[in-house]
file work_20.txt (compact mmCIF, C-alpha atoms)
# COMPACT_ATOMS: atom_id res chain seq x y z
CA MET P 847 -13.88 -20.42 22.41
CA SER P 848 -10.97 -18.60 23.94
CA GLY P 849 -7.84 -17.43 22.21
CA GLY P 850 -5.45 -14.56 22.77
CA ARG P 851 -6.84 -11.06 23.13
CA THR P 852 -5.43 -8.02 21.46
CA ASP P 853 -6.36 -4.36 21.37
CA ARG P 854 -7.53 -3.43 17.89
CA PRO P 855 -7.17 0.24 16.93
CA GLY P 856 -10.44 1.86 15.98
CA LEU P 857 -12.63 -0.72 17.76
CA ASP P 858 -14.15 -0.63 21.23
CA GLY P 859 -13.24 -3.49 23.54
CA VAL P 860 -10.77 -6.17 22.53
CA THR P 861 -10.74 -8.52 19.57
CA VAL P 862 -9.90 -12.17 19.23
CA PRO P 863 -8.62 -13.54 15.90
CA VAL P 864 -10.19 -16.92 15.20
CA LEU P 865 -10.35 -19.72 12.66
CA GLU P 866 -13.39 -21.98 12.35
CA ILE P 867 -12.44 -25.06 10.32
CA GLY P 868 -14.98 -27.44 8.83
CA GLY P 869 -14.91 -30.21 6.29
CA THR P 870 -16.06 -27.95 3.45
CA HIS P 871 -15.01 -24.45 4.51
CA VAL P 872 -12.80 -22.36 6.78
CA THR P 873 -13.75 -18.97 8.19
CA ALA P 874 -11.27 -16.52 9.66
CA ALA P 875 -12.70 -13.71 11.76
CA LEU P 876 -12.02 -10.94 14.23
CA VAL P 877 -14.48 -11.14 17.12
CA ARG P 878 -14.98 -8.18 19.42
CA ILE P 879 -15.63 -9.13 23.04
CA GLY P 880 -15.76 -7.47 26.41
CA HIS P 881 -18.39 -4.76 25.85
CA GLY P 882 -21.84 -6.27 25.44
CA PRO P 883 -22.58 -9.15 23.05
CA ALA P 884 -19.70 -10.53 21.02
CA GLU P 885 -19.58 -9.14 17.50
CA VAL P 886 -17.84 -10.31 14.34
CA VAL P 887 -16.12 -7.20 12.99
CA ALA P 888 -14.27 -8.79 10.05
CA ALA P 889 -14.51 -12.19 8.41
CA HIS P 890 -13.27 -14.11 5.40
CA ARG P 891 -14.57 -17.51 4.27
CA GLU P 892 -12.83 -19.94 1.92
CA PRO P 893 -14.09 -23.24 0.49
CA LEU P 894 -12.07 -26.17 1.80
CA ASP P 895 -11.69 -29.73 0.54
CA GLY P 896 -11.36 -31.96 3.59
CA ASP P 897 -10.22 -34.78 1.30
CA GLY P 898 -7.41 -32.70 -0.20
CA THR P 899 -3.67 -32.95 0.28
CA ALA P 900 -2.00 -31.56 3.38
CA ASP P 901 -0.44 -28.77 1.32
CA ALA P 902 -3.77 -27.79 -0.20
CA ILE P 903 -5.62 -27.81 3.13
CA THR P 904 -3.00 -25.83 5.02
CA ALA P 905 -2.62 -23.32 2.19
CA THR P 906 -6.37 -22.65 2.40
CA LEU P 907 -6.23 -22.16 6.18
CA LEU P 908 -3.36 -19.69 5.91
CA ARG P 909 -4.98 -17.85 3.00
CA ALA P 910 -8.12 -17.32 5.06
CA GLY P 911 -6.19 -16.05 8.06
CA ARG P 912 -4.03 -13.72 6.00
CA ALA P 913 -7.13 -12.15 4.43
CA LEU P 914 -8.06 -10.43 7.71
CA PRO P 915 -7.05 -6.83 8.43
CA PRO P 916 -3.53 -6.44 9.90
CA LEU P 917 -3.25 -7.36 13.58
CA PRO P 918 -0.88 -6.66 16.42
CA PRO P 919 0.83 -9.81 17.76
CA ALA P 920 -1.96 -12.12 18.89
CA ARG P 921 -2.81 -15.65 19.93
CA TRP P 922 -5.52 -17.18 17.76
CA GLY P 923 -8.52 -19.24 18.79
CA VAL P 924 -9.10 -22.22 16.51
CA ALA P 925 -12.25 -24.38 16.43
CA LEU P 926 -12.08 -27.63 14.48
CA PRO P 927 -13.43 -31.17 14.62
CA GLY P 928 -11.73 -34.13 16.25
CA PRO P 929 -9.96 -36.39 16.61
CA PHE P 930 -7.37 -33.76 17.48
CA ASP P 931 -4.87 -33.26 20.29
CA TYR P 932 -6.29 -29.92 21.38
CA GLY P 933 -3.72 -29.35 24.10
CA ARG P 934 -0.71 -29.84 21.82
CA GLY P 935 -2.26 -28.64 18.54
CA ILE P 936 -1.58 -31.87 16.64
CA ALA P 937 -3.98 -33.48 14.16
CA ARG P 938 -4.97 -37.09 14.86
CA TYR P 939 -7.13 -37.76 11.81
CA HIS P 940 -6.83 -41.31 10.57
CA GLY P 941 -9.55 -43.14 8.68
CA VAL P 942 -12.24 -40.64 9.71
CA GLY P 943 -13.28 -39.55 6.22
CA LYS P 944 -11.88 -36.01 6.28
CA PHE P 945 -8.54 -34.34 6.94
CA ASP P 946 -6.74 -37.69 6.81
CA ALA P 947 -3.84 -35.96 5.04
CA LEU P 948 -3.24 -33.86 8.17
CA ASP P 949 -2.72 -36.83 10.48
CA GLY P 950 0.27 -36.10 12.73
CA LEU P 951 0.63 -32.47 11.60
CA ASP P 952 1.60 -29.90 14.23
CA LEU P 953 -1.04 -27.36 13.23
CA GLY P 954 -0.07 -25.01 16.04
CA ALA P 955 3.47 -24.70 14.71
CA LEU P 956 2.19 -24.22 11.17
CA LEU P 957 -0.10 -21.35 12.20
CA ARG P 958 2.63 -19.67 14.25
CA SER P 959 4.99 -19.72 11.30
CA GLY P 960 2.42 -19.01 8.57
CA LEU P 961 0.07 -16.36 9.98
CA PRO P 962 1.40 -12.80 10.31
CA ARG P 963 2.30 -11.96 13.92
CA CYS P 964 0.62 -15.11 15.29
CA THR P 965 2.09 -15.82 18.75
CA GLY P 966 0.32 -19.13 19.21
CA ALA P 967 -3.06 -20.85 19.04
CA ALA P 968 -5.66 -22.17 21.47
CA PHE P 969 -7.56 -25.13 20.00
CA LEU P 970 -11.08 -26.23 20.87
CA ASN P 971 -13.46 -28.83 19.47
CA ASP P 972 -15.80 -27.08 17.06
CA ALA P 973 -19.00 -28.50 18.55
CA GLU P 974 -17.90 -27.49 22.06
CA ALA P 975 -17.06 -24.01 20.79
CA PHE P 976 -20.54 -23.79 19.26
CA ALA P 977 -22.16 -25.03 22.47
CA ARG P 978 -20.23 -22.56 24.63
CA GLY P 979 -21.24 -19.67 22.39
CA GLU P 980 -24.91 -20.66 22.43
CA TRP P 981 -24.80 -21.13 26.21
CA ALA P 982 -23.15 -17.74 26.77
CA GLU P 983 -25.08 -15.61 24.29
CA GLY P 984 -27.38 -17.66 22.07
CA ALA P 985 -30.29 -20.09 22.07
CA GLY P 986 -28.94 -22.03 25.05
CA ARG P 987 -28.47 -19.02 27.31
CA GLY P 988 -29.47 -19.80 30.88
CA SER P 989 -29.49 -23.56 30.35
CA SER P 990 -28.06 -25.59 33.22
CA ALA P 991 -27.80 -28.77 31.14
CA LEU P 992 -27.27 -27.95 27.48
CA ALA P 993 -26.82 -30.51 24.73
CA ALA P 994 -25.63 -29.37 21.31
CA VAL P 995 -25.12 -31.11 17.99
CA THR P 996 -23.56 -29.77 14.81
CA LEU P 997 -24.60 -31.23 11.47
CA GLY P 998 -22.15 -30.83 8.61
CA THR P 999 -19.65 -33.25 7.17
CA GLY P 1000 -20.39 -35.41 10.22
CA VAL P 1001 -22.14 -35.17 13.59
CA GLY P 1002 -20.44 -33.10 16.28
CA SER P 1003 -21.72 -32.82 19.83
CA ALA P 1004 -21.14 -31.28 23.22
CA PHE P 1005 -22.79 -31.58 26.62
CA LEU P 1006 -22.46 -28.60 28.97
CA ARG P 1007 -23.42 -28.51 32.63
CA ASP P 1008 -23.48 -24.92 33.87
CA GLY P 1009 -21.28 -23.98 30.91
CA ALA P 1010 -18.60 -26.64 31.50
CA ALA P 1011 -18.13 -29.52 29.06
CA VAL P 1012 -18.94 -33.01 30.33
CA THR P 1013 -16.94 -35.63 28.43
CA SER P 1014 -17.10 -38.68 30.70
CA GLY P 1015 -19.49 -40.56 32.94
CA PRO P 1016 -22.70 -42.52 32.41
CA ALA P 1017 -24.80 -39.47 31.49
CA VAL P 1018 -23.02 -38.73 28.19
CA PRO P 1019 -21.83 -40.77 25.20
CA PRO P 1020 -18.18 -41.90 25.20
CA GLN P 1021 -16.00 -38.75 25.31
CA GLY P 1022 -19.21 -36.75 24.96
CA ARG P 1023 -19.19 -37.63 21.25
CA ALA P 1024 -22.42 -38.51 19.47
CA ASP P 1025 -20.41 -39.63 16.44
CA LEU P 1026 -19.24 -42.63 18.50
CA LEU P 1027 -22.84 -43.82 18.95
CA SER P 1028 -24.46 -46.51 16.82
CA HIS P 1029 -27.76 -46.77 14.99
CA GLN P 1030 -29.06 -50.25 14.16
CA GLY P 1031 -25.64 -51.74 14.85
CA ARG P 1032 -23.71 -49.36 12.62
CA PRO P 1033 -21.81 -46.14 13.39
CA LEU P 1034 -24.23 -43.21 13.54
CA GLU P 1035 -22.36 -41.33 10.82
CA ASP P 1036 -23.12 -44.20 8.42
CA THR P 1037 -26.68 -42.85 8.61
CA VAL P 1038 -26.28 -39.16 9.46
CA SER P 1039 -23.44 -37.37 7.65
CA ARG P 1040 -22.85 -35.70 4.34
CA ARG P 1041 -21.42 -38.87 2.81
CA ALA P 1042 -24.26 -41.01 4.21
CA LEU P 1043 -27.00 -38.76 2.85
CA MET P 1044 -25.35 -38.57 -0.55
CA ALA P 1045 -24.94 -42.36 -0.67
CA ALA P 1046 -28.52 -42.99 0.43
CA TYR P 1047 -29.88 -40.67 -2.23
CA GLU P 1048 -27.66 -42.20 -4.92
CA HIS P 1049 -28.90 -45.65 -3.93
CA ALA P 1050 -32.52 -44.48 -4.12
CA ARG P 1051 -32.33 -42.45 -7.32
CA GLY P 1052 -29.21 -43.60 -9.17
CA ARG P 1053 -27.68 -40.13 -9.27
CA ARG P 1054 -25.34 -38.33 -6.89
CA LEU P 1055 -26.39 -35.02 -5.36
CA ASP P 1056 -24.93 -33.02 -2.51
CA VAL P 1057 -27.04 -32.42 0.60
CA ARG P 1058 -28.20 -28.96 -0.41
CA GLU P 1059 -29.43 -30.36 -3.73
CA ILE P 1060 -31.19 -33.24 -1.97
CA ALA P 1061 -32.94 -30.68 0.23
CA ALA P 1062 -33.99 -28.69 -2.83
CA ALA P 1063 -35.44 -31.84 -4.39
CA ALA P 1064 -37.35 -32.58 -1.18
CA ARG P 1065 -38.88 -29.09 -1.19
CA GLU P 1066 -40.02 -29.71 -4.75
CA GLY P 1067 -41.89 -32.76 -3.52
CA GLU P 1068 -39.56 -35.56 -4.57
CA ALA P 1069 -40.50 -38.58 -2.46
CA ALA P 1070 -37.06 -40.20 -2.48
CA ALA P 1071 -35.35 -37.04 -1.22
CA ASN P 1072 -37.89 -36.68 1.57
CA ARG P 1073 -37.44 -40.33 2.58
CA VAL P 1074 -33.66 -39.92 2.76
CA LEU P 1075 -33.83 -36.80 4.94
CA ASN P 1076 -36.65 -38.04 7.17
CA GLY P 1077 -34.88 -41.35 7.65
CA ALA P 1078 -31.53 -39.84 8.55
CA PHE P 1079 -32.69 -37.12 10.93
CA GLY P 1080 -35.39 -39.26 12.47
CA ALA P 1081 -32.65 -41.79 13.24
CA LEU P 1082 -30.57 -39.01 14.79
CA GLY P 1083 -33.44 -38.08 17.09
CA ARG P 1084 -34.03 -41.68 18.18
CA THR P 1085 -30.30 -42.15 18.83
CA LEU P 1086 -29.93 -38.94 20.83
CA ALA P 1087 -33.12 -39.25 22.87
CA PRO P 1088 -31.92 -41.67 25.58
CA TRP P 1089 -28.75 -39.66 26.10
CA LEU P 1090 -30.66 -36.42 26.45
CA ARG P 1091 -32.76 -38.06 29.17
CA ARG P 1092 -29.72 -39.44 30.96
CA PHE P 1093 -28.03 -36.06 30.88
CA GLY P 1094 -31.19 -34.30 32.02
CA ALA P 1095 -30.87 -31.85 29.13
CA ASP P 1096 -33.13 -28.83 29.44
CA ALA P 1097 -32.28 -27.65 25.91
CA LEU P 1098 -30.92 -29.07 22.66
CA VAL P 1099 -29.26 -26.60 20.29
CA VAL P 1100 -28.56 -27.65 16.70
CA GLY P 1101 -26.05 -25.96 14.40
CA GLY P 1102 -23.85 -26.68 11.42
CA SER P 1103 -24.27 -26.18 7.70
CA MET P 1104 -27.18 -28.62 7.38
CA THR P 1105 -29.34 -26.37 9.53
CA GLY P 1106 -29.61 -24.19 6.44
CA SER P 1107 -32.33 -26.73 5.62
CA TRP P 1108 -33.94 -26.58 9.06
CA ASP P 1109 -37.42 -26.61 7.51
CA LEU P 1110 -36.65 -30.24 6.59
CA VAL P 1111 -34.18 -31.24 9.31
CA GLY P 1112 -36.12 -29.85 12.28
CA PRO P 1113 -39.41 -31.74 11.87
CA ALA P 1114 -37.65 -35.06 11.19
CA LEU P 1115 -35.36 -34.63 14.20
CA ALA P 1116 -38.30 -33.64 16.42
CA ALA P 1117 -40.25 -36.68 15.27
CA GLY P 1118 -37.32 -38.94 16.14
CA LEU P 1119 -37.05 -37.43 19.60
CA ALA P 1120 -40.80 -37.64 20.17
CA ALA P 1121 -40.87 -41.31 19.18
CA ASP P 1122 -38.93 -41.97 22.38
CA GLY P 1123 -41.02 -39.59 24.47
CA THR P 1124 -38.24 -37.02 24.78
CA GLY P 1125 -39.66 -33.52 25.03
CA VAL P 1126 -36.51 -31.42 25.39
CA PRO P 1127 -36.91 -27.95 23.82

call {"tool": "encode", "arguments": {"input": "work_20.txt", "output": "structure tokens"}}
result
Amino acid sequence: MSGGRTDRPGLDGVTVPVLEIGGTHVTAALVRIGHGPAEVVAAHREPLDGDGTADAITATLLRAGRALPPLPPARWGVALPGPFDYGRGIARYHGVGKFDALDGLDLGALLRSGLPRCTGAAFLNDAEAFARGEWAEGAGRGSSALAAVTLGTGVGSAFLRDGAAVTSGPAVPPQGRADLLSHQGRPLEDTVSRRALMAAYEHARGRRLDVREIAAAAREGEAAANRVLNGAFGALGRTLAPWLRRFGADALVVGGSMTGSWDLVGPALAAGLAADGTGVP
């Protein structure tokens, strides 16, 4: 993810102020770049309700950004999910299950006016930002054909060839977006998403738990919780597998908040991929 760069007194190299916006949280950070591996030198995280009002959501974003140490004038880098007009900085959320209240909002103008000494913002899809970081410095380093998915409120994705995003053509899903794929005739996020997992567990057990609680129940041996997680992430693997083959992916990197339960997610995803004969690392 690239934003404006600014010298930061007392730190080697240069720092980039950034916002990472998800459906349940926002993190503001100062990232030092230019001298060795990138390093987060200051960060502040706030819980965020993606179903909240526009005023509540934007107040949380600004509160997170203002919590960072004082900056010289700087352009911010902002990673957030689509649909979003990344070039113009305008939200295009409508009927997507999160951030609907922001639809049509000029987020770039709001950040310029609301963050101290913000000179502008460069916006990037959050899954692409994740993929670029992993390709440059993380688990995907050296990959010539990297696929990445992020598992949180929904399913984000990016396909990088030699570090550049591929968003069209027969080798990738429409717009490079896994969330536009289908599983058994229904949108993939009807099976793999926070809302889908919560609904599946409620249907199975008659009580509503969040994903972290479902994972805890699975670790305690609850059969219903294990069935829900194995079913969802196995389906994700089977849905992704043909696209990974078409793209010629030599690595798949998985991120997002649900990977906090990788002991449960990883085996189910791997089993789904293996069912189709896909052996991508």

call {"tool": "residues_around", "arguments": {"input": "work_20.txt", "residues": "Ala1087 in chain P", "least_positions_apart": "4", "cutoff": "6 Å", "atoms": "all atoms listed in the file", "output": "list in words"}}
result
Gly1083, Leu1119 and Thr1124 of chain P

call {"tool": "residues_around", "arguments": {"input": "work_20.txt", "residues": "His890 in chain P", "least_positions_apart": "4", "cutoff": "8 Å", "atoms": "only C-alpha atoms", "output": "tab-separated table (two decimals) with C-alpha atoms, in the coordinates of the input"}}
result
chain	number	residue	atom	x	y	z
P	873	THR	CA	-13.75	-18.97	8.19
P	874	ALA	CA	-11.27	-16.52	9.66
P	875	ALA	CA	-12.70	-13.71	11.76
P	910	ALA	CA	-8.12	-17.32	5.06
P	911	GLY	CA	-6.19	-16.05	8.06
P	913	ALA	CA	-7.13	-12.15	4.43
P	914	LEU	CA	-8.06	-10.43	7.71

call {"tool": "atom_distance", "arguments": {"input": "work_20.txt", "atom1": "CA of Lys944 in chain P", "atom2": "CA of Ala1064 in chain P"}}
result
26.8 Å

call {"tool": "closest_residue", "arguments": {"input": "work_20.txt", "among": "P:Phe945, P:Tyr939, P:Arg909, P:Gly923", "to": "Gly868 in chain P", "atoms": "all atoms listed in the file"}}
result
P:Phe945

call {"tool": "closest_atom_pairs", "arguments": {"input": "work_20.txt", "of": "range 919-947 of chain P", "to": "range 995-1017 of chain P", "cutoff": "12 Å", "atoms": "only C-alpha atoms", "output": "Markdown table"}}
result
| residue | atom | partner | partner_atom | distance |
| --- | --- | --- | --- | --- |
| P:Ala925 | CA | P:Gly1002 | CA | 12.0 |
| P:Leu926 | CA | P:Gly1002 | CA | 10.2 |
| P:Pro927 | CA | P:Gly1002 | CA | 7.5 |
| P:Gly928 | CA | P:Gly1002 | CA | 8.8 |
| P:Pro929 | CA | P:Gly1002 | CA | 11.0 |
| P:Val942 | CA | P:Gly1000 | CA | 9.7 |
| P:Gly943 | CA | P:Thr999 | CA | 9.0 |
| P:Lys944 | CA | P:Thr999 | CA | 8.3 |
| P:Phe945 | CA | P:Thr999 | CA | 11.2 |

call {"tool": "closest_residue", "arguments": {"input": "work_20.txt", "among": "P:Gly859, P:Arg912, P:Val864, P:Arg1053", "to": "Arg963 in chain P", "atoms": "only C-alpha atoms"}}
result
P:Arg912

call {"tool": "residues_around", "arguments": {"input": "work_20.txt", "residues": "range 879-883 of chain P", "least_positions_apart": "2", "cutoff": "7 Å", "atoms": "only C-alpha atoms", "output": "PyMOL selection string"}}
result
chain P and resi 859-861+877+885

call {"tool": "closest_residue", "arguments": {"input": "work_20.txt", "among": "P:Ala1069, P:Val886, P:Val1099, P:Leu951", "to": "Ala985 in chain P", "atoms": "only C-alpha atoms"}}
result
P:Val1099

call {"tool": "atom_distance", "arguments": {"input": "work_20.txt", "atom1": "CA of Ser1107 in chain P", "atom2": "CA of Thr1037 in chain P"}}
result
17.3 Å

call {"tool": "closest_residue", "arguments": {"input": "work_20.txt", "among": "P:Ala1070, P:Ile936, P:Ala968, P:Ala973", "to": "Met1044 in chain P", "atoms": "all atoms listed in the file"}}
result
P:Ala1070

call {"tool": "residues_around", "arguments": {"input": "work_20.txt", "residues": "Leu894 in chain P", "least_positions_apart": "3", "cutoff": "9 Å", "atoms": "only C-alpha atoms", "output": "MDAnalysis selection string"}}
result
chainID P and resid 867:872 897:898 902:903 906:907

call {"tool": "closest_residue", "arguments": {"input": "work_20.txt", "among": "P:Leu956, P:Leu961, P:Ala1117, P:Ala900", "to": "Pro863 in chain P", "atoms": "all atoms listed in the file"}}
result
P:Leu961

call {"tool": "axis_aligned_box", "arguments": {"input": "work_20.txt", "around": "range 868-879 of chain P", "padding_each_side": "3 Å", "output": "JSON"}}
result
{"center_x": -13.7, "center_y": -19.2, "center_z": 13.2, "size_x": 10.8, "size_y": 28.0, "size_z": 25.6}

call {"tool": "atom_distance", "arguments": {"input": "work_20.txt", "atom1": "CA of Ala991 in chain P", "atom2": "CA of Asn971 in chain P"}}
result
18.5 Å

call {"tool": "residues_around", "arguments": {"input": "work_20.txt", "residues": "Leu1115 in chain P", "least_positions_apart": "6", "cutoff": "9 Å", "atoms": "only C-alpha atoms", "output": "PyMOL selection string"}}
result
chain P and resi 1076+1078-1084

call {"tool": "closest_residue", "arguments": {"input": "work_20.txt", "among": "P:Ala982, P:Val924, P:Val887, P:Leu953", "to": "Ala937 in chain P", "atoms": "all atoms listed in the file"}}
result
P:Leu953

call {"tool": "residues_near_point", "arguments": {"input": "work_20.txt", "point": "(-22.1, -37.9, 23.5)", "cutoff": "8 Å", "atoms": "only C-alpha atoms", "output": "MDAnalysis selection string"}}
result
chainID P and resid 1003:1005 1013 1018:1027 1089
